[in-house]
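Pasting my_file26.pdb here (PDB, C-alpha atoms and all ligand atoms):
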```
MODEL        1
ATOM      1  CA  MET A   1      45.042 -42.401 -69.617
ATOM      2  CA  PHE A   2      43.535 -44.552 -66.887
ATOM      3  CA  PRO A   3      40.019 -44.164 -65.609
ATOM      4  CA  LYS A   4      39.765 -42.759 -62.152
ATOM      5  CA  ARG A   5      38.087 -45.036 -59.665
ATOM      6  CA  THR A   6      37.858 -42.993 -56.553
ATOM      7  CA  MET A   7      34.428 -44.056 -55.385
ATOM      8  CA  PRO A   8      35.135 -47.628 -54.266
ATOM      9  CA  ARG A   9      38.205 -46.448 -52.427
ATOM     10  CA  ALA A  10      36.303 -43.719 -50.653
ATOM     11  CA  MET A  11      33.607 -46.124 -49.558
ATOM     12  CA  THR A  12      36.146 -48.565 -48.218
ATOM     13  CA  ALA A  13      37.970 -45.863 -46.314
ATOM     14  CA  ALA A  14      34.768 -44.691 -44.700
ATOM     15  CA  GLY A  15      33.957 -48.229 -43.669
ATOM     16  CA  VAL A  16      37.322 -48.685 -42.020
ATOM     17  CA  ALA A  17      37.020 -45.375 -40.216
ATOM     18  CA  ILE A  18      33.692 -46.404 -38.774
ATOM     19  CA  PHE A  19      35.178 -49.670 -37.594
ATOM     20  CA  MET A  20      37.974 -48.091 -35.726
ATOM     21  CA  ALA A  21      35.592 -45.659 -34.092
ATOM     22  CA  VAL A  22      34.181 -48.353 -31.868
ATOM     23  CA  LEU A  23      37.412 -49.975 -30.739
ATOM     24  CA  PRO A  24      37.759 -49.792 -26.962
ATOM     25  CA  MET A  25      39.736 -46.735 -25.995
ATOM     26  CA  ASN A  26      41.950 -48.742 -23.644
ATOM     27  CA  ALA A  27      43.000 -50.978 -26.521
ATOM     28  CA  ARG A  28      44.023 -47.967 -28.538
ATOM     29  CA  ALA A  29      45.864 -46.453 -25.593
ATOM     30  CA  SER A  30      47.859 -49.597 -24.898
ATOM     31  CA  GLU A  31      48.882 -49.812 -28.509
ATOM     32  CA  ALA A  32      50.089 -46.257 -28.402
ATOM     33  CA  GLY A  33      52.070 -47.022 -25.283
ATOM     34  CA  ALA A  34      53.740 -49.937 -27.001
ATOM     35  CA  GLY A  35      54.922 -47.688 -29.793
ATOM     36  CA  MET A  36      52.724 -47.747 -32.846
ATOM     37  CA  SER A  37      55.647 -48.108 -35.157
ATOM     38  CA  GLY A  38      53.626 -48.914 -38.209
ATOM     39  CA  HIS A  39      50.498 -46.951 -37.549
ATOM     40  CA  MET A  40      49.726 -44.091 -39.852
ATOM     41  CA  GLU A  41      47.995 -41.449 -37.824
ATOM     42  CA  ALA A  42      47.642 -38.828 -40.492
ATOM     43  CA  GLU A  43      44.481 -38.768 -42.502
ATOM     44  CA  SER A  44      44.901 -39.624 -46.129
ATOM     45  CA  SER A  45      43.979 -36.109 -47.125
ATOM     46  CA  HIS A  46      47.133 -35.000 -45.375
ATOM     47  CA  MET A  47      49.269 -37.716 -46.885
ATOM     48  CA  GLY A  48      49.226 -36.476 -50.446
ATOM     49  CA  GLY A  49      52.729 -35.157 -50.911
ATOM     50  CA  GLU A  50      54.255 -36.561 -47.807
ATOM     51  CA  ALA A  51      56.370 -39.678 -47.605
ATOM     52  CA  MET A  52      55.390 -42.268 -45.071
ATOM     53  CA  HIS A  53      57.861 -43.236 -42.372
ATOM     54  CA  GLU A  54      57.899 -45.548 -39.504
ATOM     55  CA  ASP A  55      58.943 -44.057 -36.211
ATOM     56  CA  ASP A  56      62.584 -43.275 -36.543
ATOM     57  CA  HIS A  57      64.403 -44.738 -33.561
ATOM     58  CA  ALA A  58      67.600 -45.983 -35.098
ATOM     59  CA  GLY A  59      68.302 -43.503 -37.859
ATOM     60  CA  GLY A  60      68.551 -44.362 -41.518
ATOM     61  CA  SER A  61      65.774 -44.189 -44.036
ATOM     62  CA  LYS A  62      62.587 -45.926 -43.119
ATOM     63  CA  VAL A  63      60.605 -44.393 -45.902
ATOM     64  CA  ILE A  64      58.228 -46.902 -47.412
ATOM     65  CA  GLY A  65      57.038 -44.544 -50.141
ATOM     66  CA  ARG A  66      53.955 -42.416 -50.542
ATOM     67  CA  PRO A  67      50.564 -42.375 -52.226
ATOM     68  CA  GLY A  68      51.266 -42.154 -55.940
ATOM     69  CA  ASP A  69      49.956 -39.559 -58.369
ATOM     70  CA  PRO A  70      47.397 -41.418 -60.527
ATOM     71  CA  SER A  71      48.379 -39.248 -63.497
ATOM     72  CA  LYS A  72      52.057 -40.235 -63.217
ATOM     73  CA  VAL A  73      51.901 -43.996 -63.203
ATOM     74  CA  ASP A  74      55.047 -45.736 -64.504
ATOM     75  CA  GLU A  75      53.721 -49.261 -64.442
ATOM     76  CA  VAL A  76      50.464 -51.152 -63.980
ATOM     77  CA  ILE A  77      50.646 -54.470 -62.169
ATOM     78  CA  ARG A  78      47.715 -56.833 -61.802
ATOM     79  CA  VAL A  79      47.565 -58.879 -58.633
ATOM     80  CA  ASP A  80      45.023 -61.622 -58.001
ATOM     81  CA  LEU A  81      43.998 -62.210 -54.409
ATOM     82  CA  SER A  82      42.963 -65.755 -53.607
ATOM     83  CA  SER A  83      42.468 -67.726 -50.414
ATOM     84  CA  TYR A  84      45.245 -67.597 -49.345
ATOM     85  CA  ALA A  85      47.835 -66.305 -51.753
ATOM     86  CA  PHE A  86      48.792 -63.431 -53.998
ATOM     87  CA  SER A  87      49.563 -63.976 -57.641
ATOM     88  CA  PRO A  88      52.196 -62.896 -58.380
ATOM     89  CA  ASP A  89      53.789 -63.200 -54.953
ATOM     90  CA  SER A  90      56.987 -61.438 -55.949
ATOM     91  CA  ILE A  91      57.047 -58.017 -57.601
ATOM     92  CA  LYS A  92      60.052 -56.198 -59.023
ATOM     93  CA  VAL A  93      60.170 -52.456 -58.389
ATOM     94  CA  ARG A  94      62.327 -49.847 -60.076
ATOM     95  CA  PRO A  95      63.656 -47.310 -57.556
ATOM     96  CA  GLY A  96      61.235 -44.420 -57.079
ATOM     97  CA  GLU A  97      58.661 -45.597 -59.575
ATOM     98  CA  THR A  98      54.916 -45.223 -59.249
ATOM     99  CA  ILE A  99      52.894 -48.403 -59.663
ATOM    100  CA  ARG A 100      49.167 -48.746 -60.107
ATOM    101  CA  PHE A 101      48.151 -52.048 -58.567
ATOM    102  CA  VAL A 102      44.969 -53.533 -59.975
ATOM    103  CA  LEU A 103      43.748 -55.905 -57.287
ATOM    104  CA  THR A 104      41.175 -58.546 -58.096
ATOM    105  CA  ASN A 105      39.539 -60.744 -55.487
ATOM    106  CA  LYS A 106      37.650 -63.615 -57.083
ATOM    107  CA  THR A 107      37.009 -65.375 -53.786
ATOM    108  CA  ASP A 108      34.033 -65.066 -51.471
ATOM    109  CA  LEU A 109      36.204 -63.776 -48.624
ATOM    110  CA  LEU A 110      37.462 -60.283 -47.834
ATOM    111  CA  HIS A 111      41.166 -59.755 -48.558
ATOM    112  CA  GLU A 112      43.639 -56.924 -48.175
ATOM    113  CA  PHE A 113      46.641 -55.650 -50.108
ATOM    114  CA  ASN A 114      48.907 -53.749 -47.739
ATOM    115  CA  ILE A 115      52.398 -52.385 -48.442
ATOM    116  CA  GLY A 116      54.797 -52.171 -45.506
ATOM    117  CA  THR A 117      57.698 -53.618 -43.593
ATOM    118  CA  SER A 118      57.390 -56.672 -41.398
ATOM    119  CA  PRO A 119      56.929 -54.691 -38.147
ATOM    120  CA  MET A 120      54.253 -52.538 -39.788
ATOM    121  CA  HIS A 121      52.340 -55.599 -40.913
ATOM    122  CA  ALA A 122      52.610 -57.146 -37.450
ATOM    123  CA  GLU A 123      51.135 -54.012 -35.919
ATOM    124  CA  HIS A 124      48.353 -53.828 -38.458
ATOM    125  CA  ARG A 125      47.510 -57.498 -37.927
ATOM    126  CA  LYS A 126      46.868 -56.750 -34.275
ATOM    127  CA  GLU A 127      44.446 -54.020 -35.268
ATOM    128  CA  MET A 128      42.656 -56.273 -37.723
ATOM    129  CA  LEU A 129      42.398 -58.986 -35.072
ATOM    130  CA  GLU A 130      40.802 -56.531 -32.664
ATOM    131  CA  MET A 131      38.338 -55.508 -35.344
ATOM    132  CA  MET A 132      37.494 -59.150 -35.972
ATOM    133  CA  GLN A 133      37.116 -59.891 -32.272
ATOM    134  CA  SER A 134      34.858 -56.898 -31.777
ATOM    135  CA  GLY A 135      32.612 -58.133 -34.556
ATOM    136  CA  MET A 136      33.187 -55.104 -36.706
ATOM    137  CA  LEU A 137      35.115 -57.090 -39.274
ATOM    138  CA  THR A 138      33.750 -60.348 -40.641
ATOM    139  CA  PRO A 139      35.419 -62.889 -42.950
ATOM    140  CA  THR A 140      33.429 -61.523 -45.879
ATOM    141  CA  GLY A 141      33.520 -57.795 -45.250
ATOM    142  CA  MET A 142      32.881 -54.960 -42.901
ATOM    143  CA  ALA A 143      29.849 -55.292 -40.669
ATOM    144  CA  PRO A 144      27.175 -52.671 -41.268
ATOM    145  CA  ALA A 145      27.883 -49.498 -39.362
ATOM    146  CA  SER A 146      25.939 -49.220 -36.144
ATOM    147  CA  PRO A 147      24.023 -46.026 -35.481
ATOM    148  CA  GLY A 148      25.940 -43.744 -33.185
ATOM    149  CA  ALA A 149      29.320 -45.016 -34.283
ATOM    150  CA  SER A 150      30.302 -41.569 -35.444
ATOM    151  CA  GLY A 151      30.834 -38.479 -33.400
ATOM    152  CA  ALA A 152      33.328 -37.387 -30.774
ATOM    153  CA  GLY A 153      36.176 -39.818 -30.255
ATOM    154  CA  MET A 154      35.969 -41.026 -33.830
ATOM    155  CA  MET A 155      39.169 -42.784 -34.768
ATOM    156  CA  LYS A 156      40.527 -42.645 -38.256
ATOM    157  CA  HIS A 157      42.006 -45.723 -39.826
ATOM    158  CA  ASP A 158      42.497 -44.701 -43.390
ATOM    159  CA  ASP A 159      45.834 -46.175 -44.371
ATOM    160  CA  PRO A 160      46.834 -45.021 -47.839
ATOM    161  CA  ASN A 161      49.253 -47.962 -48.123
ATOM    162  CA  SER A 162      46.391 -50.437 -47.847
ATOM    163  CA  GLN A 163      43.404 -51.444 -49.884
ATOM    164  CA  LEU A 164      40.650 -53.774 -48.776
ATOM    165  CA  VAL A 165      39.181 -55.775 -51.634
ATOM    166  CA  ASP A 166      35.648 -57.023 -51.152
ATOM    167  CA  PRO A 167      34.700 -60.491 -52.439
ATOM    168  CA  GLY A 168      34.342 -60.579 -56.196
ATOM    169  CA  THR A 169      35.562 -57.033 -56.750
ATOM    170  CA  THR A 170      38.550 -55.184 -58.174
ATOM    171  CA  ARG A 171      40.196 -52.244 -56.418
ATOM    172  CA  GLU A 172      43.218 -50.137 -57.221
ATOM    173  CA  LEU A 173      46.099 -48.728 -55.233
ATOM    174  CA  VAL A 174      48.611 -46.246 -56.645
ATOM    175  CA  TRP A 175      51.889 -46.183 -54.753
ATOM    176  CA  GLN A 176      55.176 -44.385 -55.300
ATOM    177  CA  PHE A 177      58.043 -46.480 -54.017
ATOM    178  CA  PRO A 178      61.146 -45.122 -52.317
ATOM    179  CA  THR A 179      64.486 -45.246 -54.119
ATOM    180  CA  LYS A 180      65.708 -48.111 -51.969
ATOM    181  CA  GLN A 181      64.502 -50.593 -49.403
ATOM    182  CA  PRO A 182      63.832 -49.117 -45.953
ATOM    183  CA  GLU A 183      66.598 -49.721 -43.417
ATOM    184  CA  ASN A 184      64.304 -52.011 -41.472
ATOM    185  CA  GLY A 185      62.781 -53.461 -44.605
ATOM    186  CA  PRO A 186      62.386 -55.140 -46.939
ATOM    187  CA  LEU A 187      59.025 -54.010 -48.186
ATOM    188  CA  LEU A 188      56.426 -56.733 -48.253
ATOM    189  CA  PHE A 189      52.827 -56.904 -49.321
ATOM    190  CA  SER A 190      50.455 -58.735 -47.074
ATOM    191  CA  CYS A 191      46.846 -59.473 -46.313
ATOM    192  CA  ASN A 192      46.516 -58.685 -42.639
ATOM    193  CA  ILE A 193      43.090 -60.182 -42.103
ATOM    194  CA  PRO A 194      43.522 -62.645 -39.206
ATOM    195  CA  GLY A 195      45.088 -65.911 -40.316
ATOM    196  CA  HIS A 196      45.576 -65.021 -43.951
ATOM    197  CA  ALA A 197      49.256 -64.059 -43.907
ATOM    198  CA  ALA A 198      50.104 -67.107 -41.815
ATOM    199  CA  ALA A 199      48.335 -69.217 -44.427
ATOM    200  CA  GLY A 200      50.581 -67.774 -47.117
ATOM    201  CA  MET A 201      48.985 -64.512 -48.134
ATOM    202  CA  THR A 202      52.169 -62.468 -48.323
ATOM    203  CA  GLY A 203      54.532 -61.374 -51.072
ATOM    204  CA  THR A 204      57.820 -59.596 -51.561
ATOM    205  CA  PHE A 205      59.002 -56.478 -53.336
ATOM    206  CA  THR A 206      62.487 -56.577 -54.758
ATOM    207  CA  PHE A 207      64.229 -53.450 -56.041
ATOM    208  CA  THR A 208      65.982 -53.539 -59.371
ATOM    209  CA  SER A 209      69.269 -51.719 -59.608
ATOM    210  CA  GLY A 210      68.035 -48.958 -61.843
TER     211      GLY A 210
HETATM  212 CU    CU B   1      43.319 -62.340 -47.198
ENDMDL
END
```
Let me see whether you can do it: turn the structure in this file into structure tokens.
Amino acid sequence: MFPKRTMPRAMTAAGVAIFMAVLPMNARASEAGAGMSGHMEAESSHMGGEAMHEDDHAGGSKVIGRPGDPSKVDEVIRVDLSSYAFSPDSIKVRPGETIRFVLTNKTDLLHEFNIGTSPMHAEHRKEMLEMMQSGMLTPTGMAPASPGASGAGMMKHDDPNSQLVDPGTTRELVWQFPTKQPENGPLLFSCNIPGHAAAGMTGTFTFTSG
């Protein structure tokens, strides 16, 4: 029913993986020590049928959903990414439904669409800031990969709940939502590129009753 667009996604994921590969190991270690509550360590290839959780310290459901099956999409929602806002900035979700987000960035800056709870976004923002500070991430996109960035010690940063949208492009993200808000929710969408969320680039998911 919908055309598959796997190539742009794959390229973006590879770019992110290369970025994370060069982060200082001590930075990664200190994050881990602080409890990477929002960090998804599994590779996307392992995420297929598995729901995503935050670390479960307090009990209760913290499921934020899972990568959706592109052949079982219940609803298509277009979201425009501008500097610095989402339109719409509030999205209604039916419990358990699968949404294909069509994300269009008409600006000349890089933006992100990331689904998560507030603590997850805060954690991811720290990672994005480190990428920016290391020069691997620029305001307009990923820096070209440096030779030798791959190999042993390669870090994966392939979050299936996130899509980077290059300037002037459209990307898609298919996500199956949980049946209710996570205990430590609510679910929000956010651009975690440094400064963008603070400037207003966030939005809310609200769950309808049925
Ligand atoms: Cu942004």
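Proximity of A:Glu183, A:Asp166, A:Glu172, A:Glu112 to ligand CU 1 (chain B), computed with all atoms listed in the file, is greatest for A:Glu112.
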Can you pull out every residue with an atom within 12 Å of ligand CU 1 (chain B)? Use all atoms listed in the file and format it as an MDAnalysis selection string. chainID A and resid 80:86 103:114 125 128 138:141 163:167 189:203
So how far away is CA of Arg171 (chain A) from CA of Phe207 (chain A), in Å? 24.1 Å
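Taking CA of Thr117 (chain A) and CA of Thr204 (chain A) as the two end points, the separation is 10.0 Å.
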Please indicate the distance in Å from CA of Lys92 (chain A) to CA of Thr206 (chain A), rounded to one decimal place. 4.9 Å
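Excluding Gly96 (chain A) itself and same-chain residues fewer than 4 positions from it, the residues having an atom within 6 Å of it are Phe177, Pro178 and Thr179 of chain A, counting all atoms listed in the file.
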Chain and number of each residue from the PyMOL selection byres (((chain A and resi 76) around 8) and not hetatm), as an NGL selection string: :A and (73-75 or 77-78 or 99-102)
